[in-house]
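Below is one structure, written out as structure tokens, with a few remarks after it.
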Amino acid sequence: MGSESNLSGRDSPGVNKPISTITNGKRAIFSGLSTLEPQKQHSHVTHSRIQGVGDWFLETAEFRSWRDDDNEFVAQTLFCDGAQGAGKTFISSLVIDNLCDINDSARVNLGVAYIYNDYYDQTHQGLASIMGSLLKQLVFALPDIPEDITEAFQKSEECLVEQDLLLPTILKLFPNVLASFSQVFIIIDALDEFSAGTRFELFRSLRQIIQDSPKTRLFLTGRSSVRSELEKHLASPALSISIQPTPDDIEVFSKWKLSEDPVPDWMDDSLMLEILAQIHKLPRIFLLATFYIDAILGETSIFERREMLHRIPAEFDDAYSMTLERVMKQRDDKAQLGIAALMWISFAERPLHVDELRHAISVEEGATDLNPDNIPSKETLLESCLGLITIDQGAPIIRVVHVTLKEYLSNHSELFENAHSRIAETCLTYLNFRRIKDLPPTIPTAPSTTPFLQYASSYWVTHAKMETAENVKSLALELLSVYPDHISAAIFLRNSECFPEEEIEEVAGTVTGLHYAAFFGLAEIAIGLLDMGSISVNPRDGMGCTPLVWAIRRGYEEVVRLLLDSADVDADSMGIDRRMPLHWAAAKGDEGIVKLLLERNEVSPDSPAIDGQTPLFYAVNEGHENIVKLLLERGDVNPNSPAIDGQTPLFCAVNEGHENIV
């Protein structure tokens with residue numbers, strides 16, 4: 001977790017507890033509820049606000065009624081819609097601070113919890129994390145952690161390896177916590193940026209909360225397209241306000257932007273009035289005003305700035321197109337840097353930290369080691385993109401300035417030719433650097449001097465599978481030929497969600513490049529490794545599994561076929577648990593792979609594993625009727641072969657409820 005001393009970004013009840021008072025047990029509970037840190041995003045948004053802009057919202061009758069009236073006839077939900085870039089997120093932060101200020105000044109026992117939806121990080125914003133974060137903020141404001149929450153972590157069988165609670169458990173914990181406050185306000189920004197499925201489950205969870213706690217108020221923002229979903233699934237009346245900046249908001253904002261002019265000598269009073277008058281004609285959207293002013297201030301004389309006045313578009317797509325044109329018209333090195341930064345931010349598999357991007361962009365094609373003098377500063381990165389990217393405070397994550405730009409770049413992928421192949425090449429070049437190869441593969445974390453190592457190790461193959469050039473293949477072969485004696489092999493295992501933790505410990509330090517190629521279905525890379533002649537087709541990991549087993553477990557029939565075609569392959573290799581490739585294939589249920597194995601004379605179709613279970617038993621247990629038929633059609637498979645515990649395949653089928661197999 002980050003700093004636990006400022007979970008709301010302001011002085012919410014109990015939030016400013018000294019961090020020294022938090023015991024390790026409490027830390028584990030807070031971390032287990034959620035690892036999301038919305039306070040960092042709140043701090044970033046708050047620092048971006050301009051005094052006086054949006055204050056009109058706090059004076060609306062709808063907001064005051066929602067905030068102040070506590071009778072049962074007042075709607076518990078206030079939904080605020082607005083156009084893209086109209087300032088919904090800024091209004092959300094304004095509401096959060098207003099509620100926290102009231103709580104401080106009136107010394108009332110209010111609970112305030114919030115979430116800023118992050119379009120760029122949907123992977124970590126699952127519903128359990130979202131609801132857990134809301135609960136975590138409220139719990140943190142209490143003098144003591146409620147007993148039922150402590151017990152949930154100590155006793156609940158739903159606790160995972162890292163003590164994360166499942167959603168049903170989290171929802172059961174809300175009523176007791178909500179009852180600890182005189183009133184609770186929950187703020188969720190940008191509903192439209194959740195996936196439809198997550199949004200549906202979110203509405204269902206929120207409905208349960210407001211039904212259980214009538215004094216809980218919801219403040220929700222999003223584009224107007226989600227209003228009908230909200231009304232349908234929340235099943236309670238909602239107040240509504242459409243967010244649109246006032247003319248005064250736009251003028252104050254525009255004057256502030258103009259005051260940031262890097263070359264004030266290229267501005268005079270007449271030109272400033274013309275700019276403000278032209279902005280007044282645009283749709284009242286902060287983002288358009290931002291691009292308008294940035295484009296004008298990017299010109300190099302009063303004359304050129306005045307000329308630019310008449311070339312500014314009033315639509316987002318046109319504004320982005322024009323700004324990208326300006327990026328590409330910079331001097332060569334800055335233009336290349338700007339486009340490279342936008343490509344990485346657009347195509348990366350997860351949000352990038354600033355230093356990750358700085359190091360990634362510094363990697364030169366064909367280089368054998370990192371050139372520190374080639375690493376751009378974060379200021380240079382920002383300047384080269386002409387306002388199209390921003391850095392979150394705290395994290396620090398670098399991202400495009402608005403979700404609409406993310407959508408625009410996704411729809412114009414032709415701007416970044418061969419993006420995935422270029423990213424894969426950069427990752428592999430970095431991993432093949434001398435300084436990376438020299439790192440001991442057993443160190444627990446990547447050194448701070450190699451910030452790009454984590455991303456490059458975890459995602460090069462993802463990009464390579466989307467688009468692979470010949471140089472990517474050769475770089476991949478160079479890397480995988482030295483596995484497992486490369487730190488990226490250990491990083492891959494630590495970050496993989498495909499293996500149980502105990503299995504990772506077993507195979508650590510034994511995963512070869514051929515295992516890796518089999519795991520990801522990299523058929524051409526596997527062929528290249530075998531063609532080297534020095535690499536065995538049957539290396540065993542710490543559990544005795546060969547690359548053939550890894551390919552079977554992942555269902556890559558093409559890789560299974562090419563491995564079986566290798567002269568020295570052991571198609572009946574036995575792991576330390578005595579499971580053979582056919583056991584894994586039968587459990588997986590992949591008919592094509594099972595047939596390939598059964599065609600081999602050396603494969604024993606009825607051999608028991610250490611628990612006495614045969615491949616037939618594995619197929620029955622998983623309910624794979626087609627595999628059961630394949631095995632029983634042979635004359636060398638005993639349908640009544642018992643496991644060590646005495647159970648037969650028939651008993652297993654009955655016990656698991658697989659009627660068709662019975």
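In the structure tokens, each chain is lettered A, B, ... as it comes, each chain's residues begin at 1, and ligands are numbered from 1 in order of appearance.
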Test item: residues at most 8 Å from Leu370 of chain A, only C-alpha atoms, excluding those fewer than 6 positions along its chain, as a PDB file with C-alpha atoms, in the first residue's frame:
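Everything below was put into out28.pdb:
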```
ATOM      1  CA  SER A 362      15.870   5.218 -24.673  1.00  0.00           C
ATOM      2  CA  VAL A 363      16.464   1.695 -26.050  1.00  0.00           C
ATOM      3  CA  TYR A 430      16.531  -4.459 -23.221  1.00  0.00           C
ATOM      4  CA  PHE A 433      21.509  -5.923 -22.556  1.00  0.00           C
ATOM      5  CA  ARG A 435      23.769  -5.225 -17.563  1.00  0.00           C
TER       6      ARG A 435
END
```
Taking the backbone alone, and naming residues the way the document does, which bits of segment 411-497 of chain A are helix (DSSP H, G or I) by DSSP, as number ranges by chain?
-> A: 411, 413-415, 419-431, 434-437, 453-466, 470-480, 487-495
Could the residues in this selection be saved with C-alpha atoms as a compact mmCIF listing (two decimals), in the first residue's frame?
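Saved file result-v6.txt follows:
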```
# COMPACT_ATOMS: atom_id res chain seq x y z
CA ASN A 411 -9.40 4.09 -33.72
CA SER A 413 -3.82 2.68 -35.01
CA GLU A 414 -2.34 3.42 -38.43
CA LEU A 415 -0.52 6.31 -36.73
CA ALA A 419 3.50 -0.93 -32.84
CA HIS A 420 3.39 -4.33 -31.14
CA SER A 421 6.39 -5.64 -33.04
CA ARG A 422 8.38 -2.50 -32.19
CA ILE A 423 7.46 -2.79 -28.51
CA ALA A 424 8.40 -6.48 -28.45
CA GLU A 425 11.73 -5.67 -30.11
CA THR A 426 12.43 -2.96 -27.53
CA CYS A 427 11.59 -5.30 -24.64
CA LEU A 428 13.81 -8.08 -25.98
CA THR A 429 16.68 -5.73 -26.80
CA TYR A 430 16.53 -4.46 -23.22
CA LEU A 431 16.45 -7.98 -21.76
CA ARG A 434 24.75 -6.92 -20.82
CA ARG A 435 23.77 -5.22 -17.56
CA ILE A 436 20.51 -7.21 -17.48
CA LYS A 437 22.17 -10.53 -18.35
CA LEU A 453 12.89 -4.82 -16.46
CA GLN A 454 9.56 -5.80 -14.90
CA TYR A 455 7.46 -4.75 -17.90
CA ALA A 456 9.89 -6.12 -20.49
CA SER A 457 10.05 -9.52 -18.75
CA SER A 458 6.30 -9.82 -18.26
CA TYR A 459 4.92 -8.54 -21.55
CA TRP A 460 7.39 -8.96 -24.41
CA VAL A 461 5.71 -12.19 -25.43
CA THR A 462 2.23 -10.60 -25.36
CA HIS A 463 3.32 -8.01 -27.90
CA ALA A 464 5.31 -10.53 -29.94
CA LYS A 465 2.29 -12.81 -30.33
CA MET A 466 0.24 -9.95 -31.73
CA GLU A 470 12.10 -11.63 -37.98
CA ASN A 471 14.33 -9.54 -35.72
CA VAL A 472 11.92 -10.20 -32.83
CA LYS A 473 12.33 -13.95 -33.37
CA SER A 474 16.12 -13.74 -33.33
CA LEU A 475 16.11 -11.58 -30.19
CA ALA A 476 13.71 -14.01 -28.51
CA LEU A 477 15.99 -16.94 -29.35
CA GLU A 478 18.97 -15.06 -27.92
CA LEU A 479 17.08 -14.51 -24.66
CA LEU A 480 15.47 -17.93 -24.26
CA ILE A 487 16.45 -12.83 -14.24
CA SER A 488 13.45 -12.47 -16.57
CA ALA A 489 12.71 -16.20 -16.12
CA ALA A 490 12.19 -15.64 -12.39
CA ILE A 491 10.16 -12.46 -12.99
CA PHE A 492 7.90 -14.32 -15.42
CA LEU A 493 7.14 -16.98 -12.82
CA ARG A 494 6.56 -14.49 -9.99
CA ASN A 495 4.10 -12.50 -12.09
```
Once you count only C-alpha atoms, what closest atom pair and distance in Å to one decimal does each residue of segment 350-392 of chain A within 12 Å of segment 313-322 of chain A have, with rows by chain and rising residue number, as a Markdown table?
```
| residue | atom | partner | partner_atom | distance |
| --- | --- | --- | --- | --- |
| A:Cys385 | CA | A:Tyr320 | CA | 11.3 |
| A:Leu386 | CA | A:Tyr320 | CA | 10.8 |
| A:Gly387 | CA | A:Tyr320 | CA | 10.5 |
| A:Leu388 | CA | A:Tyr320 | CA | 8.4 |
| A:Ile389 | CA | A:Tyr320 | CA | 11.9 |
```
Nearest to Pro608 of chain A: which of A:Lys595, A:His42, A:Lys172, A:His583 is it, counting only C-alpha atoms?
->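 Closest to Pro608 of chain A, using only C-alpha atoms: A:His583.
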Please provide the set of residues having any atom within 12 Å of Glu201 of chain A, restricted to only C-alpha atoms, with same-chain residues fewer than 6 positions apart removed, written as a list in words.
->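 Residues meeting the cut-off are Gly126, Leu127, Ala128, Ile130, Met131, Leu167, Pro168, Leu171, Leu191, Phe194, Ser195, Arg207, Gln208, Glu229, Leu230, His233 and Leu234 of chain A.
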Considering only C-alpha atoms, return as a PyMOL selection string whatever protein or nucleic-acid residues lie within 10 Å of Ile593 of chain A, sequence-local ones (same chain, fewer than 4 positions apart) excluded.
-> chain A and resi 551-552+555-558+560-561+581-582+585-586+588-589+597-598
So which one's closest to Ile186 of chain A, A:Ile293, A:Leu36, A:Cys545, A:Leu218? Using only C-alpha atoms, please.
->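 For Ile186 of chain A, the nearest of the candidates is A:Leu218.
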May I ask which of the residues A:Thr77, A:Gln84, A:Phe286, A:Leu173 is the closest one to Ile210 of chain A, counting only C-alpha atoms?
-> A:Thr77
For each of A:Thr221, A:Ser270, A:Asn640, A:Ser259, take the minimum atom-to-atom distance to Asp189 of chain A, counting only C-alpha atoms, then give the residue where this is smallest.
-> A:Thr221
Could you give me, as CSV, a per-residue list for segment 155-243 of chain A showing, wherever an atom lies at most 12 Å from an atom of segment 391-406 of chain A, the closest pair of atoms and their distance in Å to one decimal, using only C-alpha atoms and sorting by chain then residue number from low to high?
```
residue,atom,partner,partner_atom,distance
A:Ala190,CA,A:Val403,CA,10.3
A:Asp192,CA,A:Val403,CA,10.8
A:Glu193,CA,A:Val403,CA,8.5
A:Phe194,CA,A:Val403,CA,11.9
```
Nearby residues (only C-alpha atoms) at most 8 Å from segment 622-625 of chain A, same-chain spacing under 2 positions excluded, as an NGL selection string | :A and (586-587 or 589 or 618-620 or 627-629 or 653 or 658 or 660-661)
If you run DSSP on this backbone, which residues of segment 38-222 of chain A come out as strand (DSSP E or B), and could you give them as a PyMOL selection string?
-> chain A and resi 77-82+110-116+183-189+216-222
Rank nothing, just name the residue among A:Ala86, A:Leu273, A:Ala523, A:Val511 nearest to Leu288 of chain A, using only C-alpha atoms.
->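 Distance minimum relative to Leu288 of chain A lands on A:Ala86.
For the residues A:Glu383, A:Glu505, A:Asp645, A:Glu356, ranking by smallest atom-to-atom distance to Val327 of chain A using only C-alpha atoms places A:Glu383 first.
Here atom CA of Asn626 of chain A is placed at a distance of 14.6 Å from atom CA of Leu596 of chain A.
For the pair atom CA of Val354 of chain A and atom CA of Lys378 of chain A, the interatomic distance is 6.9 Å.
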Find the residues near Ala526 of chain A: any atom within 10 Å, counting only C-alpha atoms, skip ones fewer than 5 places away on the same chain, and give them as a list in words.
->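 Final neighbour list, sorted by chain and number: Leu477, Leu480, Gly513, Leu514, His515, Tyr516, Ala517, Ala518, Gly521, Asp531, Val537, Pro547, Val559, Leu562 and Leu563 of chain A.
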Please save C-alpha atoms of the selected residues as an mmCIF file, in the first residue's frame.
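File produced: again-v1.cif:
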```
data_model
loop_
_atom_site.group_PDB
_atom_site.id
_atom_site.type_symbol
_atom_site.label_atom_id
_atom_site.label_comp_id
_atom_site.auth_asym_id
_atom_site.auth_seq_id
_atom_site.Cartn_x
_atom_site.Cartn_y
_atom_site.Cartn_z
ATOM 1 C CA LEU A 477 15.987 -16.942 -29.354
ATOM 2 C CA LEU A 480 15.466 -17.929 -24.259
ATOM 3 C CA GLY A 513 13.512 -21.361 -22.780
ATOM 4 C CA LEU A 514 11.746 -24.308 -24.397
ATOM 5 C CA HIS A 515 9.355 -24.509 -21.429
ATOM 6 C CA TYR A 516 8.641 -20.813 -21.920
ATOM 7 C CA ALA A 517 8.068 -21.166 -25.669
ATOM 8 C CA ALA A 518 5.714 -24.094 -25.037
ATOM 9 C CA GLY A 521 2.510 -21.394 -27.826
ATOM 10 C CA ASP A 531 17.398 -26.245 -34.296
ATOM 11 C CA VAL A 537 13.569 -31.498 -26.122
ATOM 12 C CA PRO A 547 7.950 -28.599 -22.313
ATOM 13 C CA VAL A 559 3.467 -26.891 -30.271
ATOM 14 C CA LEU A 562 6.074 -30.227 -33.303
ATOM 15 C CA LEU A 563 7.499 -31.484 -29.998
#
```
